[in-house]
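For reference, input-v7.cif is printed below; it contains mmCIF, C-alpha atoms.
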```cif
data_target
#
loop_
_atom_site.label_atom_id
_atom_site.label_comp_id
_atom_site.auth_asym_id
_atom_site.auth_seq_id
_atom_site.Cartn_x
_atom_site.Cartn_y
_atom_site.Cartn_z
CA MET A 1 -43.95 -17.01 32.46
CA TYR A 2 -41.56 -14.49 30.92
CA ASP A 3 -40.37 -15.37 27.41
CA SER A 4 -36.71 -14.31 27.10
CA ARG A 5 -36.45 -14.94 23.35
CA ILE A 6 -36.02 -11.84 21.18
CA PRO A 7 -38.48 -11.69 18.26
CA TYR A 8 -36.66 -11.68 14.91
CA ASP A 9 -37.92 -8.26 13.88
CA LYS A 10 -36.55 -6.64 17.03
CA SER A 11 -32.85 -7.26 16.51
CA ALA A 12 -30.56 -6.63 13.57
CA ALA A 13 -28.63 -9.74 14.58
CA ILE A 14 -31.48 -12.26 14.13
CA TRP A 15 -32.70 -13.71 10.84
CA SER A 16 -36.40 -13.95 10.05
CA PRO A 17 -37.65 -17.41 8.91
CA ASP A 18 -37.63 -16.28 5.27
CA GLY A 19 -34.01 -15.15 5.42
CA GLU A 20 -34.43 -11.46 5.93
CA LEU A 21 -32.95 -9.04 8.43
CA VAL A 22 -36.15 -7.22 9.21
CA GLN A 23 -34.38 -4.43 11.09
CA LEU A 24 -32.32 -3.77 7.98
CA SER A 25 -35.48 -3.35 5.91
CA TYR A 26 -36.72 -0.89 8.52
CA ALA A 27 -33.40 0.96 8.27
CA ARG A 28 -33.80 1.22 4.50
CA LYS A 29 -37.20 2.75 5.09
CA ALA A 30 -35.54 5.31 7.37
CA SER A 31 -33.07 6.33 4.67
CA GLU A 32 -35.93 6.63 2.18
CA LYS A 33 -37.35 9.34 4.43
CA GLY A 34 -34.23 11.39 3.75
CA ALA A 35 -34.05 13.97 0.98
CA ALA A 36 -33.56 12.61 -2.52
CA ALA A 37 -29.99 12.25 -3.73
CA LEU A 38 -28.68 11.36 -7.15
CA GLY A 39 -25.29 10.74 -8.73
CA MET A 40 -24.50 10.35 -12.40
CA ILE A 41 -21.30 9.86 -14.39
CA LEU A 42 -21.62 12.10 -17.46
CA ASP A 43 -18.37 11.04 -19.08
CA SER A 44 -15.01 9.68 -17.90
CA LYS A 45 -13.99 13.12 -16.61
CA THR A 46 -17.31 14.52 -15.30
CA ILE A 47 -19.74 13.55 -12.55
CA LEU A 48 -23.03 15.20 -11.61
CA LEU A 49 -24.24 15.10 -8.01
CA ALA A 50 -27.68 16.34 -6.99
CA GLY A 51 -29.29 16.53 -3.58
CA GLU A 52 -32.71 17.83 -2.63
CA THR A 53 -32.46 20.51 0.03
CA LEU A 54 -35.63 20.64 2.11
CA PHE A 55 -36.91 24.15 2.38
CA ASP A 56 -37.67 25.63 5.80
CA PRO A 57 -37.47 29.43 6.14
CA LEU A 58 -36.28 29.07 9.75
CA VAL A 59 -33.36 26.79 8.98
CA VAL A 60 -30.23 27.89 7.18
CA LYS A 61 -29.96 25.73 4.08
CA PRO A 62 -27.71 22.76 4.90
CA ASP A 63 -25.18 21.32 2.45
CA LYS A 64 -26.41 18.04 1.08
CA ILE A 65 -23.24 17.36 -0.88
CA GLN A 66 -20.31 17.03 1.52
CA LYS A 67 -16.64 17.24 0.66
CA ILE A 68 -14.52 14.35 1.98
CA ASP A 69 -11.18 15.15 0.34
CA SER A 70 -10.08 17.04 -2.76
CA LYS A 71 -12.32 16.01 -5.70
CA LEU A 72 -14.03 13.44 -3.49
CA PHE A 73 -17.63 14.02 -2.40
CA LEU A 74 -20.34 12.16 -0.53
CA ILE A 75 -24.11 12.47 -0.33
CA ALA A 76 -25.76 10.73 2.60
CA SER A 77 -29.49 10.20 2.60
CA GLY A 78 -31.41 9.30 5.73
CA LEU A 79 -31.16 9.96 9.43
CA SER A 80 -28.95 13.04 9.63
CA THR A 81 -27.12 12.00 12.82
CA ASP A 82 -26.14 8.69 11.22
CA SER A 83 -25.10 10.57 8.09
CA ASN A 84 -22.91 12.94 10.09
CA LEU A 85 -21.21 10.01 11.79
CA LEU A 86 -20.40 8.40 8.45
CA ILE A 87 -19.23 11.69 6.90
CA GLY A 88 -16.86 12.18 9.83
CA GLN A 89 -15.62 8.62 9.48
CA ALA A 90 -15.13 9.05 5.72
CA ARG A 91 -13.01 12.17 6.24
CA LEU A 92 -10.94 10.42 8.89
CA VAL A 93 -10.34 7.35 6.72
CA ALA A 94 -9.39 9.58 3.75
CA GLN A 95 -6.75 11.42 5.81
CA GLN A 96 -5.43 8.22 7.42
CA HIS A 97 -4.90 6.85 3.92
CA ARG A 98 -2.96 9.96 2.92
CA LEU A 99 -0.77 9.71 6.04
CA ILE A 100 0.03 6.03 5.62
CA TYR A 101 0.36 5.68 1.85
CA GLY A 102 1.18 9.28 0.86
CA GLU A 103 -1.64 9.27 -1.70
CA LYS A 104 -5.33 9.99 -1.94
CA ILE A 105 -7.71 7.14 -1.17
CA SER A 106 -9.61 5.55 -4.06
CA ILE A 107 -13.41 5.65 -4.11
CA ARG A 108 -13.49 1.86 -3.99
CA ALA A 109 -11.32 1.63 -0.88
CA LEU A 110 -13.37 4.32 0.88
CA ALA A 111 -16.64 2.59 -0.06
CA GLN A 112 -15.21 -0.65 1.31
CA ARG A 113 -14.16 0.91 4.60
CA LEU A 114 -17.54 2.59 5.14
CA GLY A 115 -19.40 -0.51 3.93
CA ASP A 116 -17.48 -2.70 6.38
CA LEU A 117 -18.35 -0.34 9.22
CA MET A 118 -22.02 -0.40 8.26
CA ALA A 119 -22.04 -4.19 7.85
CA ARG A 120 -20.55 -4.63 11.31
CA HIS A 121 -23.56 -2.75 12.67
CA THR A 122 -25.91 -5.36 11.21
CA ILE A 123 -23.92 -8.31 12.58
CA GLN A 124 -23.20 -7.21 16.11
CA GLY A 125 -25.84 -7.56 18.77
CA GLY A 126 -26.83 -4.40 20.60
CA LEU A 127 -26.18 -2.22 17.57
CA ARG A 128 -28.67 -1.14 14.95
CA PRO A 129 -28.12 -0.73 11.20
CA PHE A 130 -27.38 2.75 9.90
CA GLY A 131 -30.44 4.69 8.76
CA THR A 132 -28.42 6.10 5.90
CA ALA A 133 -27.44 5.16 2.36
CA LEU A 134 -24.45 6.79 0.66
CA LEU A 135 -23.35 7.94 -2.75
CA LEU A 136 -19.58 8.44 -3.12
CA ALA A 137 -18.19 10.31 -6.10
CA GLY A 138 -14.68 11.10 -7.23
CA PHE A 139 -11.86 10.16 -9.54
CA ASN A 140 -9.53 7.20 -9.64
CA PRO A 141 -6.20 8.48 -8.22
CA ILE A 142 -4.24 6.58 -10.88
CA SER A 143 -6.31 6.59 -14.07
CA LYS A 144 -8.14 9.85 -13.16
CA GLU A 145 -11.40 8.34 -14.44
CA ALA A 146 -14.76 9.25 -12.89
CA GLU A 147 -16.04 6.78 -10.29
CA LEU A 148 -19.35 6.58 -8.44
CA PHE A 149 -20.17 4.12 -5.66
CA PHE A 150 -23.40 3.38 -3.84
CA VAL A 151 -23.28 2.08 -0.27
CA ASP A 152 -26.45 0.54 1.12
CA ASN A 153 -27.64 0.70 4.76
CA GLY A 154 -26.43 -2.86 5.33
CA GLY A 155 -22.96 -2.01 4.01
CA SER A 156 -23.11 -3.63 0.58
CA TYR A 157 -21.38 -1.38 -1.93
CA PHE A 158 -21.02 -1.38 -5.70
CA ALA A 159 -19.80 0.84 -8.51
CA VAL A 160 -22.57 2.52 -10.51
CA ASN A 161 -22.90 4.77 -13.56
CA ALA A 162 -25.94 6.50 -12.12
CA TYR A 163 -27.88 5.84 -8.91
CA ALA A 164 -30.12 7.40 -6.31
CA ALA A 165 -30.71 7.30 -2.57
CA GLY A 166 -33.29 8.81 -0.24
CA SER A 167 -36.91 9.57 -0.95
CA GLY A 168 -38.29 8.37 -4.28
CA ASN A 169 -35.12 6.36 -4.87
CA GLU A 170 -36.87 3.42 -6.55
CA ARG A 171 -38.69 5.64 -9.02
CA ILE A 172 -35.57 7.71 -9.71
CA ILE A 173 -33.50 4.58 -10.32
CA ASP A 174 -36.22 3.21 -12.64
CA ALA A 175 -36.22 6.47 -14.60
CA LEU A 176 -32.41 6.47 -14.76
CA ARG A 177 -32.45 2.93 -16.14
CA LYS A 178 -34.52 4.19 -19.05
CA GLU A 179 -33.01 7.64 -19.58
CA TYR A 180 -29.33 7.33 -18.62
CA LYS A 181 -26.81 7.53 -21.42
CA GLN A 182 -23.08 8.03 -21.02
CA GLY A 183 -21.65 11.10 -22.76
CA ILE A 184 -24.58 13.40 -21.94
CA ALA A 185 -23.74 17.15 -21.86
CA VAL A 186 -23.80 19.03 -18.53
CA GLU A 187 -26.81 21.26 -19.26
CA ALA A 188 -28.85 18.40 -20.71
CA ALA A 189 -27.97 16.28 -17.68
CA LYS A 190 -29.10 19.01 -15.25
CA LYS A 191 -32.43 19.29 -17.09
CA LEU A 192 -32.89 15.52 -17.07
CA VAL A 193 -32.10 15.24 -13.36
CA LEU A 194 -34.56 18.03 -12.42
CA GLU A 195 -37.21 16.34 -14.52
CA ILE A 196 -36.63 12.84 -13.11
CA ILE A 197 -36.67 14.02 -9.49
CA THR A 198 -39.74 16.25 -10.03
CA ASN A 199 -41.66 13.27 -11.45
CA ALA A 200 -40.42 10.79 -8.85
CA LEU A 201 -41.45 13.02 -5.94
CA ASN A 202 -44.82 13.94 -7.53
CA LYS A 203 -44.07 17.66 -7.27
CA LYS A 204 -46.77 19.98 -8.56
CA GLU A 205 -44.28 22.67 -9.55
CA PRO A 206 -41.19 21.57 -11.50
CA LEU A 207 -38.06 21.63 -9.29
CA THR A 208 -35.42 24.25 -10.02
CA GLU A 209 -31.75 24.43 -9.16
CA LYS A 210 -32.76 26.41 -6.05
CA GLU A 211 -34.46 23.45 -4.41
CA LEU A 212 -31.89 21.02 -5.71
CA GLU A 213 -28.23 21.35 -4.86
CA ILE A 214 -26.31 20.37 -7.97
CA ARG A 215 -22.55 20.00 -8.24
CA ILE A 216 -20.51 19.12 -11.28
CA LEU A 217 -17.19 17.42 -10.53
CA THR A 218 -14.49 17.51 -13.18
CA ALA A 219 -11.18 15.66 -13.17
CA GLU A 220 -8.07 17.80 -12.80
CA MET B 1 47.64 -8.65 22.14
CA ASN B 2 44.13 -8.59 20.82
CA TYR B 3 42.41 -11.90 20.36
CA PRO B 4 39.58 -11.71 17.87
CA THR B 5 36.28 -12.64 19.49
CA ASN B 6 33.97 -14.99 17.66
CA PRO B 7 31.20 -12.76 16.38
CA LEU B 8 28.74 -15.69 16.35
CA PHE B 9 29.01 -15.96 20.13
CA ASN B 10 29.47 -12.33 20.93
CA ASN B 11 26.98 -11.27 23.58
CA ASN B 12 27.76 -7.60 23.32
CA ASN B 13 24.57 -6.04 21.98
CA SER B 14 25.45 -2.42 22.61
CA GLN B 15 24.19 0.16 20.19
CA GLN B 16 27.72 0.65 18.90
CA ASP B 17 27.97 -3.04 18.19
CA GLN B 18 24.63 -2.99 16.40
CA MET B 19 25.85 -0.03 14.36
CA ASN B 20 28.92 -2.01 13.27
CA ARG B 21 26.75 -4.84 12.05
CA LEU B 22 24.46 -2.42 10.29
CA LYS B 23 26.95 -0.96 7.94
CA GLY B 24 28.31 -3.97 6.12
CA THR B 25 26.81 -3.61 2.67
CA THR B 26 26.73 -1.33 -0.31
CA GLY B 27 23.54 -0.85 -2.24
CA LEU B 28 22.68 1.82 -4.76
CA ALA B 29 19.77 2.87 -6.91
CA LEU B 30 19.35 5.34 -9.72
CA LYS B 31 16.76 6.65 -12.14
CA PHE B 32 17.42 6.71 -15.89
CA LYS B 33 15.56 7.84 -18.98
CA ASN B 34 12.75 5.28 -19.00
CA GLY B 35 13.42 3.29 -15.86
CA ALA B 36 15.12 2.77 -12.52
CA LEU B 37 17.53 0.20 -11.15
CA VAL B 38 18.79 -1.05 -7.80
CA VAL B 39 21.96 -3.06 -7.19
CA ALA B 40 23.82 -4.38 -4.14
CA ASP B 41 26.76 -6.62 -3.22
CA ARG B 42 26.43 -10.15 -1.78
CA ARG B 43 28.46 -9.97 1.44
CA ALA B 44 26.80 -10.17 4.86
CA SER B 45 29.27 -9.27 7.58
CA MET B 46 29.35 -9.52 11.36
CA GLY B 47 32.22 -7.32 12.40
CA SER B 48 35.26 -8.61 10.53
CA PHE B 49 33.63 -11.97 9.80
CA THR B 50 31.95 -12.60 6.44
CA ALA B 51 28.75 -14.30 7.57
CA SER B 52 27.50 -14.95 4.06
CA LYS B 53 28.99 -14.79 0.57
CA HIS B 54 25.62 -14.90 -1.19
CA ALA B 55 23.29 -12.68 0.81
CA LYS B 56 20.24 -11.50 -1.12
CA LYS B 57 19.97 -7.75 -0.68
CA VAL B 58 17.87 -6.78 -3.67
CA HIS B 59 14.26 -7.92 -3.47
CA LYS B 60 11.42 -7.69 -5.95
CA VAL B 61 8.17 -6.83 -4.15
CA ASN B 62 5.96 -6.69 -7.26
CA ASP B 63 6.33 -6.53 -11.05
CA TYR B 64 7.68 -3.00 -11.03
CA THR B 65 9.15 -2.25 -7.57
CA GLY B 66 12.48 -3.35 -6.12
CA ILE B 67 13.94 -2.90 -2.64
CA GLY B 68 17.63 -2.66 -1.76
CA ILE B 69 18.48 -3.38 1.88
CA ALA B 70 21.32 -2.61 4.27
CA GLY B 71 21.49 -3.31 7.97
CA SER B 72 20.00 -6.04 10.11
CA VAL B 73 19.22 -8.95 7.78
CA SER B 74 16.31 -10.22 9.87
CA ASP B 75 14.67 -6.81 10.12
CA ALA B 76 15.06 -6.19 6.40
CA GLN B 77 13.67 -9.61 5.45
CA ALA B 78 10.67 -9.17 7.74
CA LEU B 79 10.02 -5.68 6.39
CA VAL B 80 10.24 -6.79 2.74
CA ASP B 81 7.81 -9.67 3.41
CA LEU B 82 5.44 -7.31 5.21
CA LEU B 83 5.61 -4.80 2.37
CA ARG B 84 4.94 -7.46 -0.24
CA SER B 85 1.74 -8.52 1.56
CA GLU B 86 0.62 -4.96 2.21
CA LEU B 87 1.01 -4.05 -1.47
CA ARG B 88 -1.07 -7.07 -2.51
CA LEU B 89 -3.81 -5.99 -0.09
CA TYR B 90 -3.61 -2.41 -1.39
CA GLN B 91 -4.07 -3.67 -4.95
CA LEU B 92 -7.15 -5.68 -3.96
CA GLU B 93 -8.75 -2.88 -1.95
CA ASN B 94 -8.21 -0.13 -4.52
CA ASN B 95 -8.39 -2.23 -7.67
CA PHE B 96 -5.23 -0.66 -9.11
CA GLU B 97 -1.52 -1.20 -8.66
CA PRO B 98 0.13 0.71 -5.80
CA SER B 99 2.57 3.37 -6.99
CA ILE B 100 6.24 3.44 -5.94
CA LYS B 101 5.35 6.38 -3.67
CA VAL B 102 2.79 4.21 -1.86
CA ALA B 103 5.44 1.55 -1.19
CA GLY B 104 7.88 4.20 0.11
CA SER B 105 5.34 6.04 2.23
CA LEU B 106 4.05 2.84 3.81
CA LEU B 107 7.57 1.75 4.75
CA ALA B 108 8.29 5.22 6.18
CA THR B 109 5.08 5.07 8.24
CA ILE B 110 5.96 1.64 9.65
CA MET B 111 9.58 2.57 10.37
CA HIS B 112 8.81 5.94 11.92
CA GLY B 113 6.15 4.42 14.19
CA SER B 114 8.67 1.88 15.48
CA PHE B 115 11.40 4.49 15.84
CA ARG B 116 9.16 6.61 18.06
CA ARG B 117 8.57 3.58 20.28
CA PHE B 118 12.35 3.05 20.67
CA GLN B 119 12.29 -0.18 18.64
CA PRO B 120 13.58 0.91 15.27
CA TRP B 121 13.80 -1.36 12.25
CA TRP B 122 17.59 -1.48 11.98
CA VAL B 123 17.76 -0.91 8.24
CA GLN B 124 18.40 1.53 5.44
CA LEU B 125 16.30 0.93 2.35
CA LEU B 126 16.23 1.88 -1.30
CA VAL B 127 12.88 1.72 -3.08
CA ALA B 128 13.20 1.85 -6.86
CA GLY B 129 10.76 1.23 -9.66
CA VAL B 130 8.64 2.43 -12.53
CA ASP B 131 4.93 3.25 -12.41
CA ARG B 132 2.45 5.29 -14.45
CA ARG B 133 4.01 8.52 -13.28
CA GLY B 134 7.52 7.51 -14.33
CA SER B 135 10.63 6.20 -12.59
CA HIS B 136 11.27 6.74 -8.88
CA VAL B 137 13.99 6.22 -6.28
CA TYR B 138 13.25 6.67 -2.57
CA VAL B 139 15.75 6.33 0.28
CA LEU B 140 14.63 5.46 3.80
CA GLY B 141 16.50 5.65 7.09
CA PRO B 142 15.88 3.65 10.30
CA ASP B 143 14.23 6.74 11.80
CA GLY B 144 11.50 6.55 9.16
CA SER B 145 12.80 9.43 7.09
CA ILE B 146 12.12 9.26 3.37
CA SER B 147 13.53 11.25 0.49
CA ASP B 148 12.93 11.29 -3.22
CA GLU B 149 16.27 11.10 -5.08
CA ASP B 150 17.67 10.72 -8.60
CA PHE B 151 20.36 8.38 -7.28
CA PHE B 152 21.54 7.27 -3.86
CA ALA B 153 23.63 4.70 -2.03
CA ILE B 154 23.21 2.95 1.33
CA GLY B 155 25.43 0.91 3.64
CA SER B 156 29.10 1.07 4.56
CA GLY B 157 30.24 1.88 1.02
CA THR B 158 27.88 4.84 0.65
CA LEU B 159 30.57 7.51 0.40
CA LEU B 160 32.73 5.55 -2.04
CA SER B 161 29.89 4.71 -4.42
CA ILE B 162 28.03 7.98 -4.23
CA GLY B 163 31.22 9.79 -5.25
CA VAL B 164 31.27 7.89 -8.51
CA LEU B 165 27.54 8.53 -9.08
CA GLU B 166 27.86 12.21 -8.23
CA HIS B 167 30.60 12.57 -10.82
CA SER B 168 29.02 10.70 -13.72
CA TYR B 169 25.26 10.68 -13.19
CA LYS B 170 22.98 12.32 -15.75
CA PRO B 171 19.17 12.05 -15.67
CA ASP B 172 18.87 11.10 -19.36
CA LEU B 173 21.15 8.04 -19.27
CA ASP B 174 19.88 5.13 -21.32
CA LYS B 175 19.46 1.69 -19.76
CA GLU B 176 22.87 0.26 -20.71
CA LYS B 177 24.77 3.39 -19.63
CA ALA B 178 22.85 3.45 -16.34
CA LYS B 179 23.65 -0.21 -15.74
CA ASP B 180 27.36 0.35 -16.48
CA LEU B 181 27.47 3.36 -14.14
CA ALA B 182 25.75 1.46 -11.33
CA ILE B 183 28.15 -1.46 -11.62
CA ALA B 184 31.19 0.85 -11.80
CA ALA B 185 30.01 2.73 -8.70
CA LEU B 186 29.38 -0.51 -6.80
CA LYS B 187 32.74 -1.96 -7.87
CA THR B 188 34.48 0.99 -6.19
CA SER B 189 32.98 -0.14 -2.89
CA LEU B 190 33.75 -3.77 -3.62
CA ALA B 191 37.39 -2.81 -4.12
CA ARG B 192 37.81 -0.40 -1.19
CA ASP B 193 35.24 -1.29 1.47
CA ASN B 194 35.97 -4.32 3.69
CA ALA B 195 32.34 -5.13 4.32
CA THR B 196 31.35 -5.12 0.66
CA GLY B 197 32.13 -7.93 -1.75
CA ASN B 198 31.50 -11.41 -3.20
CA GLY B 199 29.56 -10.29 -6.29
CA ILE B 200 26.68 -8.14 -7.45
CA ASP B 201 22.93 -8.65 -7.73
CA GLY B 202 20.42 -6.19 -9.09
CA LEU B 203 17.11 -5.41 -10.71
CA ILE B 204 16.45 -3.07 -13.64
CA PHE B 205 12.90 -1.87 -14.30
CA PHE B 206 12.19 -0.06 -17.55
CA LYS B 207 9.25 0.91 -19.72
CA ASP B 208 8.96 -0.86 -23.04
CA GLU B 209 5.84 0.19 -24.99
CA ASP B 210 3.77 0.90 -21.87
CA GLN B 211 4.83 -2.40 -20.27
CA VAL B 212 7.25 -2.43 -17.34
CA VAL B 213 9.96 -5.00 -18.03
CA THR B 214 12.31 -6.37 -15.39
CA GLU B 215 15.89 -7.40 -16.07
CA GLU B 216 18.06 -9.08 -13.46
CA ILE B 217 21.75 -8.44 -12.89
CA HIS B 218 23.97 -11.22 -11.51
CA ILE B 219 27.75 -10.83 -11.49
CA ASP B 220 29.88 -13.52 -9.79
CA MET B 221 33.28 -12.60 -8.40
#
```
Transcribe the structure of this file into structure tokens.
Amino acid sequence: MYDSRIPYDKSAAIWSPDGELVQLSYARKASEKGAAALGMILDSKTILLAGETLFDPLVVKPDKIQKIDSKLFLIASGLSTDSNLLIGQARLVAQQHRLIYGEKISIRALAQRLGDLMARHTIQGGLRPFGTALLLAGFNPISKEAELFFVDNGGSYFAVNAYAAGSGNERIIDALRKEYKQGIAVEAAKKLVLEIITNALNKKEPLTEKELEIRILTAE
Amino acid sequence: MNYPTNPLFNNNNSQQDQMNRLKGTTGLALKFKNGALVVADRRASMGSFTASKHAKKVHKVNDYTGIGIAGSVSDAQALVDLLRSELRLYQLENNFEPSIKVAGSLLATIMHGSFRRFQPWWVQLLVAGVDRRGSHVYVLGPDGSISDEDFFAIGSGTLLSIGVLEHSYKPDLDKEKAKDLAIAALKTSLARDNATGNGIDGLIFFKDEDQVVTEEIHIDM
């Protein structure tokens, strides 16, 4: 006889007996296949963003760090089609906010909007979780202070001082926990980031700024 | 001979009639050195009838933003309530206080959307307050237009009161001088405009050592 029940690891909308959304764990694995991405608040006016750009001589080098609005950037790590969808949505939400409230959106509000969208995809049957995790960086529109948010595949979001997404993320985050200090100078930070990512990805040759897209954001 | 019709049972809802009901009020707002204020009279009129002698036309929507209303009382009350809730939500989502510009822009968005659907909010509004960027006065029309002003008046006494403001207003007025000017300008409308009267209410917002302090104005007549 045909069993019509859906096994719990086949749907994002069904819990496993030990309280896990197995499809969400699979989605996290998908985003860990994406190129490494890192964000770091250097001081209250400066943020460093770094994204690994995979080298293929046939492909024009894509931009890992995407602009959402003025002084507001996003790095998405994971399935590129999912990333593109979220980048488009982020830009749309940012402009809607400007139209309605006459002011730039805050990083927190944008993280919430994207997080809600991603969470809905883990609740609703027939949809699958996003294969992408996000780092959002910018400045508080009122206090002008640097802000960095991480948004997970399942849509949970939180403010961070430094964080990573994509391949080697656990090892990068571990290294950041040990090495990160607020108030680090730009050049020292660049060196540290290259070192951490080189080690985390077990590269034979040390990474240079050519293989790693680095952007320094400074408050106006 | 003309018999006055009872405005409470008047079924004529023509646009002209609506316009007549709209105008019975005078409200004004102005910026001063370290703050902004908004004042209005207390009369609510329906044609020649004084429907209320203690209408509340100045509303506080948060600790540092005040709204002055003219026009349809029900529309204005609904809009002020809606704004108050929206600003609370904005604070929670962004984790900082919405600026005066946010309050003005949001109202303009709501009002313009309705105007384009031929169901305008039948109101003129003044948005006044003090935020991190300084003091602000915005004026909104029922078509959803918004403009940033140093001082402005709304309602049927607009021309009377704005004349006084135009003559005496200076951007560096201190709080007491600004308050005196606002009351003098409103009193001109109270004296000469039929639809304005019964007293004055107002809100003054000013910066005192980085804190925004609110002072209320209540003048019985």
For the interface of chain B with chain A (cut-off 6 Å, counting all atoms listed in the file), please tabulate each contacting residue of chain B alongside its nearest pair of atoms and their separation in Å to one decimal, rows sorted by chain and increasing number, as a Markdown table.
```
| residue | atom | partner | partner_atom | distance |
| --- | --- | --- | --- | --- |
| B:Glu93 | CA | A:Ala109 | CA | 5.3 |
| B:Asn94 | CA | A:Ala109 | CA | 5.1 |
| B:Val102 | CA | A:Tyr101 | CA | 4.7 |
| B:Ser105 | CA | A:Tyr101 | CA | 5.0 |
| B:Leu106 | CA | A:Tyr101 | CA | 5.1 |
| B:Thr109 | CA | A:Ile100 | CA | 5.8 |
```
### Selection result of the PyMOL selection byres ((chain A and resi 84-89) around 12) on this file, as a PyMOL selection string
chain A and resi 63-69+72-83+90-96+110-111+113-118+130-136+151+153+155
Output file for the selection above: C-alpha atoms, as a short mmCIF file (atom, residue, chain, number, x, y, z; two decimals), in the coordinates of the input:
```cif
data_model
loop_
_atom_site.label_atom_id
_atom_site.label_comp_id
_atom_site.auth_asym_id
_atom_site.auth_seq_id
_atom_site.Cartn_x
_atom_site.Cartn_y
_atom_site.Cartn_z
CA ASP A 63 -25.18 21.32 2.45
CA LYS A 64 -26.41 18.04 1.08
CA ILE A 65 -23.24 17.36 -0.88
CA GLN A 66 -20.31 17.03 1.52
CA LYS A 67 -16.64 17.24 0.66
CA ILE A 68 -14.52 14.35 1.98
CA ASP A 69 -11.18 15.15 0.34
CA LEU A 72 -14.03 13.44 -3.49
CA PHE A 73 -17.63 14.02 -2.40
CA LEU A 74 -20.34 12.16 -0.53
CA ILE A 75 -24.11 12.47 -0.33
CA ALA A 76 -25.76 10.73 2.60
CA SER A 77 -29.49 10.20 2.60
CA GLY A 78 -31.41 9.30 5.73
CA LEU A 79 -31.16 9.96 9.43
CA SER A 80 -28.95 13.04 9.63
CA THR A 81 -27.12 12.00 12.82
CA ASP A 82 -26.14 8.69 11.22
CA SER A 83 -25.10 10.57 8.09
CA ALA A 90 -15.13 9.05 5.72
CA ARG A 91 -13.01 12.17 6.24
CA LEU A 92 -10.94 10.42 8.89
CA VAL A 93 -10.34 7.35 6.72
CA ALA A 94 -9.39 9.58 3.75
CA GLN A 95 -6.75 11.42 5.81
CA GLN A 96 -5.43 8.22 7.42
CA LEU A 110 -13.37 4.32 0.88
CA ALA A 111 -16.64 2.59 -0.06
CA ARG A 113 -14.16 0.91 4.60
CA LEU A 114 -17.54 2.59 5.14
CA GLY A 115 -19.40 -0.51 3.93
CA ASP A 116 -17.48 -2.70 6.38
CA LEU A 117 -18.35 -0.34 9.22
CA MET A 118 -22.02 -0.40 8.26
CA PHE A 130 -27.38 2.75 9.90
CA GLY A 131 -30.44 4.69 8.76
CA THR A 132 -28.42 6.10 5.90
CA ALA A 133 -27.44 5.16 2.36
CA LEU A 134 -24.45 6.79 0.66
CA LEU A 135 -23.35 7.94 -2.75
CA LEU A 136 -19.58 8.44 -3.12
CA VAL A 151 -23.28 2.08 -0.27
CA ASN A 153 -27.64 0.70 4.76
CA GLY A 155 -22.96 -2.01 4.01
#
```
### Nearest residue to Pro142 (chain B) from the set B:Ala184, B:Ala191, B:Val123, B:Leu28 (distances using all atoms listed in the file)
B:Val123
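CA of Ala30 (chain A) is found 22.8 Å from CA of Ala159 (chain A).
The two atoms in question, CA of Asp174 (chain B) and CA of Ile219 (chain B), are spaced 20.3 Å apart.
CA of Gly183 (chain A) to CA of Gln91 (chain B) spans 29.1 Å [interatomic distance, one decimal].
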### Message
Env of Ser168 (chain B): 12 Å cut, atoms = only C-alpha atoms, seq-sep filter 2 positions within chain, self excluded. Answer as a PyMOL selection string.
### Response
chain B and resi 30+151+161-166+170-173+177-178+180-182+184-185
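Here the question is which of A:Asp152, A:Ala189, A:Thr122, A:Ser167 gets nearest to Trp15 (chain A) using all atoms listed in the file, and that residue is A:Thr122.
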### Task
Report the residues retrieved by the PyMOL selection byres ((chain B and resi 196) around 12) from the displayed file, expressed as an MDAnalysis selection string.
chainID B and resid 23:27 40:55 57 70 154:158 160:161 186:195 197:200 221
Translate the PyMOL selection byres ((chain A and resi 13) around 9) into a concrete residue list for this structure, as a PDB file with C-alpha atoms, in the coordinates of the input.
```
ATOM      1  CA  TYR A   8     -36.660 -11.680  14.910  1.00  0.00           C
ATOM      2  CA  LYS A  10     -36.550  -6.640  17.030  1.00  0.00           C
ATOM      3  CA  SER A  11     -32.850  -7.260  16.510  1.00  0.00           C
ATOM      4  CA  ALA A  12     -30.560  -6.630  13.570  1.00  0.00           C
ATOM      5  CA  ILE A  14     -31.480 -12.260  14.130  1.00  0.00           C
ATOM      6  CA  TRP A  15     -32.700 -13.710  10.840  1.00  0.00           C
ATOM      7  CA  LEU A  21     -32.950  -9.040   8.430  1.00  0.00           C
ATOM      8  CA  GLN A  23     -34.380  -4.430  11.090  1.00  0.00           C
ATOM      9  CA  HIS A 121     -23.560  -2.750  12.670  1.00  0.00           C
ATOM     10  CA  THR A 122     -25.910  -5.360  11.210  1.00  0.00           C
ATOM     11  CA  ILE A 123     -23.920  -8.310  12.580  1.00  0.00           C
ATOM     12  CA  GLN A 124     -23.200  -7.210  16.110  1.00  0.00           C
ATOM     13  CA  GLY A 125     -25.840  -7.560  18.770  1.00  0.00           C
ATOM     14  CA  GLY A 126     -26.830  -4.400  20.600  1.00  0.00           C
ATOM     15  CA  LEU A 127     -26.180  -2.220  17.570  1.00  0.00           C
ATOM     16  CA  ARG A 128     -28.670  -1.140  14.950  1.00  0.00           C
TER      17      ARG A 128
END
```
What's the 6 Å shell around Gly66 (chain B), counting all atoms listed in the file, without same-chain residues fewer than 4 positions away, as a PDB file with C-alpha atoms, in the coordinates of the input?
```
ATOM      1  CA  HIS B  59      14.260  -7.920  -3.470  1.00  0.00           C
ATOM      2  CA  LYS B  60      11.420  -7.690  -5.950  1.00  0.00           C
ATOM      3  CA  VAL B  61       8.170  -6.830  -4.150  1.00  0.00           C
ATOM      4  CA  VAL B 127      12.880   1.720  -3.080  1.00  0.00           C
ATOM      5  CA  ALA B 128      13.200   1.850  -6.860  1.00  0.00           C
TER       6      ALA B 128
END
```
